[in-house]
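**Q** Supplied structure: structure07.txt, compact mmCIF, C-alpha atoms.
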```txt
# COMPACT_ATOMS: atom_id res chain seq x y z
CA MET V 1 24.90 -16.07 -27.88
CA ILE V 2 21.19 -16.11 -27.07
CA LYS V 3 19.61 -18.94 -29.04
CA ARG V 4 16.69 -19.98 -26.85
CA ALA V 5 14.52 -18.06 -24.39
CA LEU V 6 12.00 -19.16 -21.75
CA LEU V 7 9.24 -16.66 -20.96
CA SER V 8 6.64 -16.86 -18.19
CA THR V 9 5.19 -13.56 -17.01
CA PHE V 10 2.21 -12.32 -15.04
CA ASP V 11 2.72 -8.71 -16.15
CA LYS V 12 2.57 -8.64 -19.95
CA THR V 13 3.71 -5.01 -20.24
CA GLY V 14 6.09 -4.72 -23.20
CA LEU V 15 6.37 -8.50 -23.46
CA ALA V 16 5.20 -8.88 -27.06
CA GLU V 17 7.67 -6.22 -28.21
CA PHE V 18 10.50 -7.83 -26.25
CA ALA V 19 9.71 -11.34 -27.50
CA GLY V 20 9.29 -10.01 -31.03
CA GLY V 21 12.71 -8.39 -30.82
CA LEU V 22 14.22 -11.67 -29.66
CA ALA V 23 12.50 -13.55 -32.46
CA ASP V 24 13.83 -11.06 -35.02
CA LEU V 25 17.32 -11.93 -33.75
CA GLY V 26 16.69 -15.62 -34.37
CA VAL V 27 15.93 -16.58 -30.77
CA GLU V 28 13.59 -19.55 -30.28
CA LEU V 29 10.73 -18.69 -27.92
CA VAL V 30 9.35 -21.10 -25.31
CA ALA V 31 6.55 -19.95 -23.00
CA SER V 32 4.12 -21.22 -20.40
CA GLY V 33 0.32 -21.01 -20.32
CA GLY V 34 -1.05 -17.50 -20.61
CA THR V 35 2.30 -16.13 -21.75
CA ALA V 36 2.28 -18.46 -24.75
CA ASP V 37 -1.31 -17.45 -25.54
CA HIS V 38 -0.37 -13.77 -25.35
CA LEU V 39 2.59 -14.15 -27.69
CA ALA V 40 0.59 -16.25 -30.15
CA GLU V 41 -2.09 -13.56 -30.23
CA HIS V 42 0.63 -11.14 -31.35
CA GLY V 43 1.58 -13.42 -34.22
CA LEU V 44 4.76 -14.84 -32.69
CA ASP V 45 5.90 -18.42 -33.21
CA VAL V 46 6.17 -19.86 -29.72
CA LYS V 47 6.66 -23.38 -28.33
CA ARG V 48 4.69 -24.30 -25.22
CA VAL V 49 6.28 -25.58 -22.01
CA GLU V 50 3.96 -28.59 -21.88
CA ASP V 51 5.25 -29.69 -25.28
CA LEU V 52 8.75 -29.88 -23.78
CA THR V 53 7.78 -31.55 -20.52
CA GLU V 54 5.15 -33.78 -22.19
CA THR V 55 3.03 -33.05 -19.12
CA PRO V 56 -0.04 -30.79 -19.11
CA GLU V 57 -0.47 -28.03 -16.56
CA LEU V 58 -1.62 -29.58 -13.29
CA LEU V 59 -3.60 -28.45 -10.25
CA GLY V 60 -5.26 -25.55 -11.99
CA GLY V 61 -1.97 -24.15 -13.26
CA ARG V 62 -0.06 -24.50 -9.98
CA VAL V 63 2.37 -26.89 -11.67
CA LYS V 64 3.67 -25.84 -15.07
CA THR V 65 7.42 -25.32 -15.07
CA LEU V 66 8.49 -27.40 -12.06
CA HIS V 67 10.08 -30.10 -14.19
CA PRO V 68 13.65 -31.42 -14.78
CA ARG V 69 13.43 -30.64 -18.50
CA ILE V 70 12.96 -26.97 -17.58
CA HIS V 71 15.35 -26.59 -14.67
CA ALA V 72 18.11 -28.72 -16.16
CA ALA V 73 17.92 -26.55 -19.28
CA ILE V 74 18.43 -23.46 -17.11
CA LEU V 75 21.04 -24.76 -14.66
CA ALA V 76 23.35 -26.61 -17.05
CA ARG V 77 26.87 -25.16 -17.12
CA ARG V 78 28.02 -24.77 -20.70
CA ASN V 79 31.67 -25.31 -19.74
CA ASP V 80 31.02 -28.53 -17.80
CA PRO V 81 31.26 -31.67 -19.98
CA ASP V 82 29.24 -33.72 -17.50
CA ASP V 83 26.37 -31.19 -17.56
CA LEU V 84 26.36 -31.12 -21.37
CA SER V 85 26.51 -34.90 -21.52
CA ALA V 86 23.49 -35.13 -19.22
CA LEU V 87 21.53 -32.75 -21.46
CA ASP V 88 22.43 -34.82 -24.53
CA GLU V 89 21.50 -38.07 -22.81
CA HIS V 90 18.01 -36.80 -21.99
CA GLY V 91 17.48 -34.76 -25.14
CA ILE V 92 17.31 -31.44 -23.31
CA GLU V 93 18.16 -28.20 -25.10
CA PRO V 94 19.49 -25.40 -22.82
CA PHE V 95 17.91 -22.01 -22.28
CA ASP V 96 20.12 -18.94 -22.70
CA LEU V 97 17.61 -16.37 -21.40
CA VAL V 98 14.86 -16.66 -18.79
CA CYS V 99 12.27 -13.89 -18.58
CA VAL V 100 9.89 -14.18 -15.62
CA ASN V 101 7.94 -11.75 -13.47
CA LEU V 102 6.07 -12.85 -10.40
CA TYR V 103 2.50 -12.93 -9.20
CA PRO V 104 1.70 -9.52 -7.61
CA PHE V 105 1.53 -10.75 -4.02
CA THR V 106 2.27 -7.38 -2.38
CA GLN V 107 -0.29 -5.50 -4.46
CA VAL V 108 -3.01 -8.05 -3.75
CA VAL V 109 -2.51 -8.30 0.02
CA SER V 110 -2.47 -4.50 0.34
CA ARG V 111 -6.06 -4.30 -0.90
CA HIS V 112 -8.86 -3.85 1.60
CA GLY V 113 -10.84 -7.00 2.31
CA VAL V 114 -8.57 -9.48 0.55
CA THR V 115 -9.19 -13.03 1.75
CA GLU V 116 -6.50 -15.41 2.96
CA GLU V 117 -7.33 -17.76 0.09
CA ASP V 118 -6.81 -15.01 -2.50
CA ALA V 119 -3.54 -13.98 -0.87
CA VAL V 120 -2.17 -17.52 -0.81
CA GLU V 121 -2.94 -17.99 -4.51
CA MET V 122 -0.67 -15.02 -5.23
CA ILE V 123 2.37 -16.79 -3.74
CA ASP V 124 4.45 -17.65 -6.78
CA VAL V 125 6.44 -20.90 -6.63
CA GLY V 126 7.60 -21.73 -10.13
CA GLY V 127 8.52 -18.15 -11.06
CA PRO V 128 11.09 -17.56 -8.29
CA SER V 129 12.51 -21.05 -8.88
CA MET V 130 13.20 -20.34 -12.55
CA LEU V 131 14.56 -16.87 -11.88
CA ARG V 132 16.89 -18.02 -9.11
CA ALA V 133 18.14 -20.89 -11.25
CA ALA V 134 18.93 -18.51 -14.12
CA ALA V 135 20.59 -16.00 -11.79
CA LYS V 136 22.69 -18.73 -10.15
CA ASN V 137 23.87 -19.73 -13.62
CA PHE V 138 24.44 -16.11 -14.70
CA ALA V 139 27.76 -17.03 -16.29
CA HIS V 140 25.74 -18.76 -19.01
CA VAL V 141 22.12 -17.58 -18.68
CA VAL V 142 20.48 -14.15 -18.77
CA SER V 143 17.84 -13.66 -16.03
CA VAL V 144 15.25 -10.96 -16.72
CA CYS V 145 12.76 -10.09 -13.97
CA ARG V 146 11.64 -6.53 -14.81
CA PRO V 147 9.99 -5.13 -17.98
CA GLU V 148 12.10 -1.99 -17.54
CA ARG V 149 15.12 -4.04 -18.64
CA TYR V 150 13.67 -5.22 -21.96
CA GLY V 151 14.83 -2.29 -24.07
CA ALA V 152 18.43 -2.30 -22.84
CA ILE V 153 18.74 -6.07 -23.33
CA LEU V 154 17.49 -5.89 -26.90
CA ALA V 155 19.80 -2.95 -27.62
CA GLU V 156 22.83 -4.86 -26.34
CA LEU V 157 21.88 -7.95 -28.31
CA ARG V 158 21.44 -5.96 -31.51
CA GLU V 159 24.77 -4.25 -31.05
CA SER V 160 26.92 -7.10 -29.73
CA LYS V 161 24.97 -10.25 -30.65
CA SER V 162 25.40 -11.35 -27.03
CA ILE V 163 24.96 -10.18 -23.43
CA SER V 164 28.14 -9.28 -21.56
CA LEU V 165 29.14 -10.91 -18.30
CA ASP V 166 28.80 -7.57 -16.49
CA THR V 167 25.21 -7.21 -17.69
CA ARG V 168 24.39 -10.80 -16.75
CA ARG V 169 25.84 -10.24 -13.28
CA ALA V 170 23.79 -7.02 -12.89
CA LEU V 171 20.64 -8.87 -13.98
CA ALA V 172 21.40 -11.63 -11.47
CA THR V 173 21.66 -8.97 -8.77
CA ASP V 174 18.26 -7.65 -9.88
CA THR V 175 16.83 -11.13 -9.66
CA PHE V 176 18.08 -12.05 -6.20
CA SER V 177 17.07 -8.62 -4.85
CA LEU V 178 13.59 -9.05 -6.25
CA THR V 179 13.08 -12.62 -5.04
CA ALA V 180 14.44 -11.74 -1.58
CA ALA V 181 11.99 -8.83 -1.31
CA TYR V 182 9.19 -11.08 -2.54
CA GLU V 183 9.91 -13.73 0.09
CA ALA V 184 10.25 -11.05 2.77
CA ALA V 185 6.80 -9.69 1.92
CA ILE V 186 5.28 -13.16 2.19
CA ALA V 187 7.04 -13.80 5.50
CA ARG V 188 5.78 -10.48 6.89
CA TRP V 189 2.24 -11.32 5.83
CA PHE V 190 2.35 -14.73 7.52
CA SER V 191 3.83 -13.28 10.72
CA ASP V 192 1.42 -10.33 10.83
CA ARG V 193 -0.63 -11.93 13.62
CA ASP V 194 2.41 -12.06 15.88
CA ALA V 195 3.22 -8.70 17.46
CA PHE V 196 6.84 -9.73 18.00
CA PRO V 197 7.85 -12.46 15.53
CA GLU V 198 11.10 -14.36 15.95
CA ARG V 199 12.45 -12.73 12.79
CA LEU V 200 11.46 -9.26 11.62
CA ILE V 201 12.16 -9.16 7.88
CA ALA V 202 11.99 -5.85 6.08
CA SER V 203 12.80 -4.98 2.49
CA PHE V 204 13.16 -1.58 0.86
CA GLU V 205 13.26 -0.30 -2.70
CA LYS V 206 14.96 2.84 -3.95
CA VAL V 207 12.61 5.71 -4.67
CA THR V 208 15.20 8.23 -5.80
CA ASP V 209 18.86 9.10 -5.67
CA LEU V 210 19.74 12.13 -3.54
CA VAL V 211 22.20 14.80 -4.59
CA TYR V 212 24.23 14.12 -1.41
CA GLY V 213 23.92 12.87 2.14
CA GLU V 214 24.13 14.71 5.45
CA ASN V 215 27.26 16.41 4.10
CA PRO V 216 28.11 17.24 0.47
CA HIS V 217 30.89 14.63 0.24
CA GLN V 218 28.53 11.78 1.18
CA ARG V 219 26.44 9.71 -1.21
CA ALA V 220 22.78 9.06 -0.43
CA ALA V 221 19.53 7.62 -1.76
CA TYR V 222 15.96 7.49 -0.43
CA TYR V 223 14.34 4.09 0.09
CA ALA V 224 10.79 3.11 1.03
CA GLU V 225 9.57 -0.16 2.51
CA VAL V 226 8.22 -2.50 -0.16
CA GLY V 227 4.43 -2.44 -0.12
CA ALA V 228 4.15 0.75 1.95
CA ARG V 229 1.15 2.73 0.77
CA ARG V 230 2.37 5.94 2.40
CA HIS V 231 5.84 7.35 2.85
CA LEU V 232 7.43 10.78 2.72
CA LEU V 233 7.56 11.02 -1.10
CA SER V 234 4.72 8.66 -2.03
CA GLN V 235 2.40 11.49 -3.04
CA VAL V 236 4.98 14.16 -3.86
CA GLN V 237 5.82 15.39 -7.36
CA GLN V 238 8.79 17.65 -8.08
CA LEU V 239 8.04 20.38 -10.62
CA HIS V 240 11.29 22.33 -10.61
CA GLY V 241 14.71 22.72 -9.06
CA ARG V 242 17.74 20.72 -8.05
CA GLN V 243 17.75 17.11 -6.94
CA LEU V 244 16.70 16.63 -3.32
CA SER V 245 19.29 16.04 -0.60
CA PHE V 246 19.17 14.06 2.65
CA ILE V 247 18.80 17.24 4.70
CA ASN V 248 15.95 18.38 2.44
CA LEU V 249 14.06 15.19 3.27
CA TYR V 250 14.90 15.48 6.96
CA ASP V 251 13.45 18.99 7.08
CA LEU V 252 10.54 18.15 4.78
CA ASN V 253 9.46 15.32 7.06
CA ALA V 254 9.57 17.59 10.12
CA GLY V 255 7.55 20.24 8.32
CA ARG V 256 4.87 17.86 7.06
CA MET V 257 4.45 16.18 10.45
CA LEU V 258 3.92 19.55 12.11
CA LEU V 259 1.63 20.86 9.38
CA ARG V 260 -0.75 17.94 9.98
CA GLU V 261 -1.65 19.53 13.33
CA PHE V 262 -3.52 22.37 11.58
CA GLU V 263 -6.71 22.67 9.55
CA LEU V 264 -6.64 26.46 9.12
CA PRO V 265 -4.35 27.93 6.45
CA ALA V 266 -0.89 27.23 7.88
CA CYS V 267 2.77 27.67 7.05
CA VAL V 268 5.71 25.81 8.59
CA ILE V 269 9.28 26.96 7.97
CA VAL V 270 11.99 24.46 8.96
CA LYS V 271 15.77 24.65 9.11
CA HIS V 272 17.92 21.67 10.18
CA GLY V 273 14.94 19.81 11.60
CA ASN V 274 13.78 22.73 13.79
CA PRO V 275 10.72 24.87 13.11
CA CYS V 276 11.89 28.48 12.94
CA GLY V 277 8.49 29.82 11.96
CA VAL V 278 4.99 28.38 12.31
CA ALA V 279 1.75 30.29 11.83
CA VAL V 280 -1.94 29.92 11.06
CA ALA V 281 -4.14 32.70 9.70
CA GLY V 282 -7.24 33.47 7.69
CA SER V 283 -5.28 33.16 4.45
CA ILE V 284 -2.18 31.29 3.37
CA GLU V 285 -0.48 34.56 2.40
CA GLU V 286 -0.91 35.92 5.93
CA ALA V 287 0.20 32.60 7.44
CA PHE V 288 3.45 32.82 5.44
CA ASP V 289 4.03 36.45 6.52
CA ARG V 290 3.59 35.51 10.18
CA ALA V 291 5.79 32.41 9.97
CA LEU V 292 8.58 34.34 8.24
CA ALA V 293 8.37 37.16 10.80
CA SER V 294 8.99 34.66 13.62
CA ASP V 295 12.68 34.39 12.74
CA PRO V 296 13.58 35.78 9.30
CA LEU V 297 17.31 35.22 9.85
CA SER V 298 16.97 31.48 10.46
CA ALA V 299 14.54 31.19 7.53
CA PHE V 300 17.36 31.84 5.04
CA GLY V 301 17.60 28.65 2.93
CA MET V 302 14.29 27.44 4.34
CA VAL V 303 12.16 24.39 3.75
CA CYS V 304 8.68 25.91 3.53
CA VAL V 305 5.57 23.71 3.81
CA LEU V 306 2.07 25.05 3.13
CA ASN V 307 -1.37 23.44 3.39
CA ARG V 308 -3.08 25.67 0.81
CA PRO V 309 -2.38 26.31 -2.91
CA VAL V 310 0.10 29.04 -3.80
CA GLY V 311 -1.37 31.89 -5.81
CA ALA V 312 0.48 34.50 -7.87
CA GLU V 313 0.79 36.98 -4.99
CA LEU V 314 2.36 34.44 -2.62
CA GLY V 315 4.51 33.06 -5.42
CA VAL V 316 6.08 36.48 -5.91
CA LEU V 317 6.68 36.84 -2.15
CA LEU V 318 8.34 33.42 -1.97
CA SER V 319 10.50 34.13 -5.02
CA GLY V 320 11.98 37.06 -3.11
CA GLN V 321 13.29 34.70 -0.40
CA PHE V 322 16.01 32.06 -0.42
CA VAL V 323 13.78 28.97 -0.41
CA ASP V 324 15.53 25.64 -0.65
CA VAL V 325 12.40 23.46 -0.75
CA LEU V 326 8.77 24.49 -1.18
CA LEU V 327 5.85 22.08 -0.73
CA ALA V 328 2.22 22.99 -1.35
CA PRO V 329 -0.95 21.26 -2.60
CA ASP V 330 -0.91 23.25 -5.86
CA TYR V 331 0.42 26.34 -7.64
CA ASP V 332 -1.22 28.60 -10.17
CA GLU V 333 0.66 29.56 -13.32
CA GLY V 334 1.54 33.02 -12.00
CA ALA V 335 3.14 31.53 -8.92
CA LEU V 336 5.12 28.99 -10.93
CA GLU V 337 6.32 31.67 -13.33
CA ALA V 338 7.72 33.70 -10.44
CA LEU V 339 9.17 30.73 -8.53
CA ARG V 340 10.89 29.24 -11.56
CA GLN V 341 13.06 32.33 -11.78
CA LYS V 342 15.07 30.68 -9.00
CA PRO V 343 16.72 27.69 -10.73
CA ASN V 344 17.71 25.90 -7.50
CA THR V 345 14.41 26.13 -5.63
CA ARG V 346 12.88 22.67 -5.36
CA ILE V 347 9.17 23.11 -6.06
CA LEU V 348 7.13 20.15 -4.82
CA VAL V 349 3.42 19.34 -5.11
CA ASP V 350 1.75 17.58 -2.17
CA ARG V 351 -0.62 15.31 -4.09
CA GLU V 352 -1.91 13.73 -0.88
CA ARG V 353 -3.14 17.08 0.42
CA ARG V 354 -4.47 18.03 -2.99
CA ARG V 355 -6.46 14.79 -3.26
CA PHE V 356 -7.84 15.37 0.25
CA ASP V 357 -8.93 18.92 -0.63
CA LEU V 358 -10.64 17.69 -3.82
CA GLY V 359 -12.31 14.78 -2.01
CA GLU V 360 -10.62 12.18 -4.23
CA LYS V 361 -10.38 8.54 -3.13
CA ASP V 362 -7.51 6.08 -3.44
```
Mind turning this structure into structure tokens?

**A**
Amino acid sequence: MIKRALLSTFDKTGLAEFAGGLADLGVELVASGGTADHLAEHGLDVKRVEDLTETPELLGGRVKTLHPRIHAAILARRNDPDDLSALDEHGIEPFDLVCVNLYPFTQVVSRHGVTEEDAVEMIDVGGPSMLRAAAKNFAHVVSVCRPERYGAILAELRESKSISLDTRRALATDTFSLTAAYEAAIARWFSDRDAFPERLIASFEKVTDLVYGENPHQRAAYYAEVGARRHLLSQVQQLHGRQLSFINLYDLNAGRMLLREFELPACVIVKHGNPCGVAVAGSIEEAFDRALASDPLSAFGMVCVLNRPVGAELGVLLSGQFVDVLLAPDYDEGALEALRQKPNTRILVDRERRRFDLGEKD
């Protein structure tokens, strides 16, 4: 049963709704600093952390939750008589749910011109400590580190009046993955001045599942390095077609890398990592004709990458071919109408190229 929740979040997205849902279920809310202010502004009855610790926030907010009355309430094992006795002796009431998200360190340090002082202030200390404590004690405590989880947690509570062990274990996995990535990002930032640090720590987050791996019987997913501003799919939007596969991405990467060599209207046709047709011309329609003529047999099931928008005429031509993946900066409605007649063709928009053509800035 969830009777008492501790909330301390930097990102307030969906927080009031989540906390309100908990309160409707009879959960007592305890929150720190700005989180308590935010919930109070939404009309929620919330107890402040400093009222529990009997200590005000110190050092400009650097010290709020680093206190035995907070961490003992999170770490106490409900099936351990000694733990429960210690809580009773010190008048500490346990927390059943801990909802924390961290200072946005990665987002801040990725900005141009950020100072070292600003970056250091975005290193969260109390947040990871509370989350890790809750995740360690997942048998008794629910750890929530992402707003995307709020809805599912409330739904399970409303249906079952509790959170299952499987869900708590999954949330603990979320938590340790997130805090590990967070620490890795900080370590990378500190070691950035060393070309070859003693430890090279990388972390990746899943961008999308893939329909299969190198072969149809293999599972696969696409991951990008945490904090990377550019990667293969960072500026790509899928408009139509089947889920992408590993081979699709392999060929798409080869095609995009080659296409960057050209400023004139250009078309690159790739199959199994090898260009089987590359052409430049005065128009994108002519570039496609030339590229296809290079080796029409190998182009069957092609990945086709273009550096100009696809108009209705080219859309009709492409719809007459077996195109596995098509990437272009844009498509007019006539082109999309023709291309969507092929249900399996993956139609992708290259937003990076489109932004470049329109002169847009990051």

**Q** Is there a way to get, as a list of chain:residue names, all residues within 10 Å of the point (-3.7, 32.5, 3.0) in file coordinates, counting all atoms listed in the file?

**A**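 Residues with an atom close enough to that point: V:Leu264, V:Pro265, V:Ala266, V:Cys267, V:Val280, V:Ala281, V:Gly282, V:Ser283, V:Ile284, V:Glu285, V:Glu286, V:Ala287, V:Phe288, V:Asp289, V:Leu306, V:Asn307, V:Arg308, V:Pro309, V:Val310, V:Gly311, V:Leu314.
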
**Q** Could you work out how far atom CA of V:Ile123 lies from atom CA of V:Asp11, giving the answer in Å with one decimal?

**A**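 Atom-to-atom, atom CA of V:Asp11 to atom CA of V:Ile123, that is 14.8 Å.
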
**Q** Determine, using only C-alpha atoms, which residues of stretch 243-289 of chain V have any atom at most 10 Å from an atom of stretch 188-212 of chain V, and tabulate each with its shortest atom pair and distance in Å to one decimal place, rows ordered by chain and then rising number, as a Markdown table.

**A**
```
| residue | atom | partner | partner_atom | distance |
| --- | --- | --- | --- | --- |
| V:Gln243 | CA | V:Val211 | CA | 5.5 |
| V:Leu244 | CA | V:Leu210 | CA | 5.4 |
| V:Ser245 | CA | V:Leu210 | CA | 4.9 |
| V:Phe246 | CA | V:Tyr212 | CA | 6.5 |
| V:Ile247 | CA | V:Tyr212 | CA | 8.7 |
| V:Asn248 | CA | V:Leu210 | CA | 9.4 |
| V:Leu249 | CA | V:Leu210 | CA | 9.4 |
```

**Q** So which residues touch V:Ala335 within 12 Å, counting all atoms listed in the file, skipping near sequence neighbours fewer than 5 positions away, as a PyMOL selection string?

**A** chain V and resi 309-320+326+328+330+340-342+347

**Q** Counting only C-alpha atoms, which residue out of V:His42, V:His90, V:Arg78, V:His272 sits closest to V:Glu17?

**A**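 Going through V:His42, V:His90, V:Arg78, V:His272 one by one, the smallest distance to V:Glu17 is for V:His42.
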
**Q** Skipping near chain neighbours, those fewer than 6 positions away, what residues fall within 9 Å of V:Met130 using all atoms listed in the file, listed as a PyMOL selection string?

**A** chain V and resi 65-66+70-71+74+98-100+143

**Q** What's the 10 Å shell around V:Gly26, counting only C-alpha atoms, without same-chain residues fewer than 5 positions away, as a list in words?

**A**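 The contact residues come out as Ile2, Lys3, Arg4, Gly20 and Gly21 of chain V.
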
**Q** One decimal, in Å: what's the spacing between atom CA of V:Cys145 and atom CA of V:Ala36?

**A**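 Between these atoms lies a distance of 17.2 Å.
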
**Q** Record the distance separating atom CA of V:Ser110 and atom CA of V:Asp124, expressed in Å with one decimal.

**A**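 Between these atoms lies a distance of 16.5 Å.
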
**Q** Excluding same-chain residues fewer than 4 positions from V:Asp37, what lies within 12 Å of it counting only C-alpha atoms, as an MDAnalysis selection string?

**A** chainID V and resid 7:9 12 15:16 30:33 41:49
